[in-house]
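Remarks on the structure that follows.
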Amino acid sequence: MAKHVTIFFFFVALTSCYIASFASDPMPLQDFCVADTTSTVIVNGLACKDPSLVKAEDFFFCGLSMPGNTTNSFGSKVTPVFVNQLPGLNTLGISMARIDYAPWGINPPHTHPRATEILTVIEGSLQVGFVTSNPDNRLFTKVLQKGDVFVFPIGLIHFQRNVGNTNAVAIAGLSSQAPGVITIGNAVFGSNPLIDNDVLAKAFQIDKSIVDQIQSKF
Ligand SMILES: *[C@@H]1O[C@H](CO)[C@@H](O)[C@H](O)[C@H]1NC(C)=O
């Protein structure tokens, strides 16, 4: 019984992810709608701050000159500049991030349910790639040098790896004020509560004990 319930929720999760992959941020109906972070109004996005109270600071973010701390198991750190960091992005359908990579660090396979991502390397060299939908699951991959640009289409699973012995830095632009991120490993093996190991053992054609071992890492 529990197994069926888990499978059901797995499909619901997959379906909603699929639908969200085709969404994009709605067009604004005014010059700007700076996020009012104190509002309790529930809307798609965030409620607008009174325009007469809006200041230049609402369109400003400071800090992308600072390297992210890459001392973690992946050896990478994303510094987001999304609507939560920059309230003026609300309703504008755009955002950005800085990504730092330790030597041979990775930004693990993940997807943005609401955004296409365009990425440029500003320091070091990165291998990047994305995989297309079923049934082909084609991998498109390339090694990027400083100044090179690569695009990850909305919803597709992608990754980056620093293929050098020095730190690497990339800047990404994203087509949503809140792109969302689903890290595949965390979502599949580190969900809360966990997906039954029986489901994952069959899905990945591996022993349940291996599933338990992977789940213990998340
Ligand atoms: C970076 O993160 C590690 C692990 O959390 C921590 O031990 C270290 O102090 C951090 N370094 C800086 C400069 O914040």
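How things are named: the first chain in the structure tokens is A, the next is B, and so on; residues count from 1 in each chain; ligands count from 1 in the order shown.
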Would you kindly return, as a ChimeraX atom specification, each protein, DNA or RNA residue with an atom no farther than 10 Å from any atom of Thr71 in chain A, considering only C-alpha atoms and excluding same-chain residues fewer than 6 positions away?
-> /A:77,101-102,105
Export N, CA and C atoms of the chosen residues as a compact mmCIF listing (two decimals), in the first residue's frame?
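Contents of again-v1.txt, freshly written:
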```txt
# COMPACT_ATOMS: atom_id res chain seq x y z
N LYS A 77 29.82 26.81 -5.29
CA LYS A 77 28.87 27.64 -4.54
C LYS A 77 28.15 28.60 -5.48
N TYR A 101 33.75 27.69 -8.39
CA TYR A 101 34.11 26.27 -8.43
C TYR A 101 35.54 26.13 -7.92
N ALA A 102 35.72 25.23 -6.96
CA ALA A 102 37.08 24.84 -6.56
C ALA A 102 37.66 24.01 -7.70
N GLY A 105 35.82 20.98 -8.92
CA GLY A 105 34.50 21.04 -8.27
C GLY A 105 33.39 20.93 -9.30
```
All strand (DSSP E) residues (DSSP, backbone) inside range 94-171 of chain A, as JSON, numbers by chain | {"A": [95, 96, 97, 98, 99, 100, 101, 106, 107, 108, 109, 110, 111, 117, 118, 119, 120, 121, 122, 123, 126, 127, 128, 129, 130, 131, 139, 140, 141, 142, 143, 144, 149, 150, 151, 152, 157, 158, 159, 160, 161, 162, 168, 169, 170, 171]}
Residues flagged helix (DSSP H, G or I) by DSSP in range 134-196 of chain A, as an MDAnalysis selection string = chainID A and resid 184:189
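Minimum atom-to-atom distances from A:Phe189, A:Phe152, A:Trp104, A:Phe74 to ligand 1 were compared using only C-alpha atoms and all ligand atoms, and the lowest value belongs to A:Phe74.
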Return as JSON lines the residues of chain A lying at most 7 Å from ligand 1, together with the closest atom-to-atom pair for each and the distance in Å to one decimal, counting only C-alpha atoms and all ligand atoms, with rows in chain order and ascending residue number.
```
{"residue": "A:Asn69", "atom": "CA", "partner": "ligand 1", "partner_atom_place_in_ligand_line": "1 (C)", "distance": 4.9}
{"residue": "A:Thr70", "atom": "CA", "partner": "ligand 1", "partner_atom_place_in_ligand_line": "1 (C)", "distance": 6.7}
{"residue": "A:Thr71", "atom": "CA", "partner": "ligand 1", "partner_atom_place_in_ligand_line": "2 (O)", "distance": 4.9}
{"residue": "A:Asn72", "atom": "CA", "partner": "ligand 1", "partner_atom_place_in_ligand_line": "4 (C)", "distance": 6.1}
```
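Proximity to Ser76 in chain A was assessed for A:Ala35, A:His112, A:Ile122, A:Ala168 counting only C-alpha atoms; the smallest distance is recorded for A:Ala168.
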Rank A:Ile154, A:Val34, A:Val81, A:Leu200 by their smallest atom-to-atom distance to His110 in chain A, using only C-alpha atoms, and report the top residue only.
-> A:Ile154
Exercise: Phe140 in chain A partners within 8 Å, only C-alpha atoms, chain neighbours under 4 positions left out, as a count of residues only | 3
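Taking only C-alpha atoms into account, Ile171 in chain A lies nearest to A:Ala97 out of the set A:Ala97, A:Ile184, A:Ile206, A:Val149.
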Restricting to only C-alpha atoms, whichever of A:Leu126, A:Val83, A:Val211, A:Leu46 is closest to Ile99 in chain A is A:Leu126
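Minimum distance to Leu89 in chain A across A:Asn197, A:Thr120, A:Ser73, A:Ser175 (counting only C-alpha atoms) occurs at A:Ser175.
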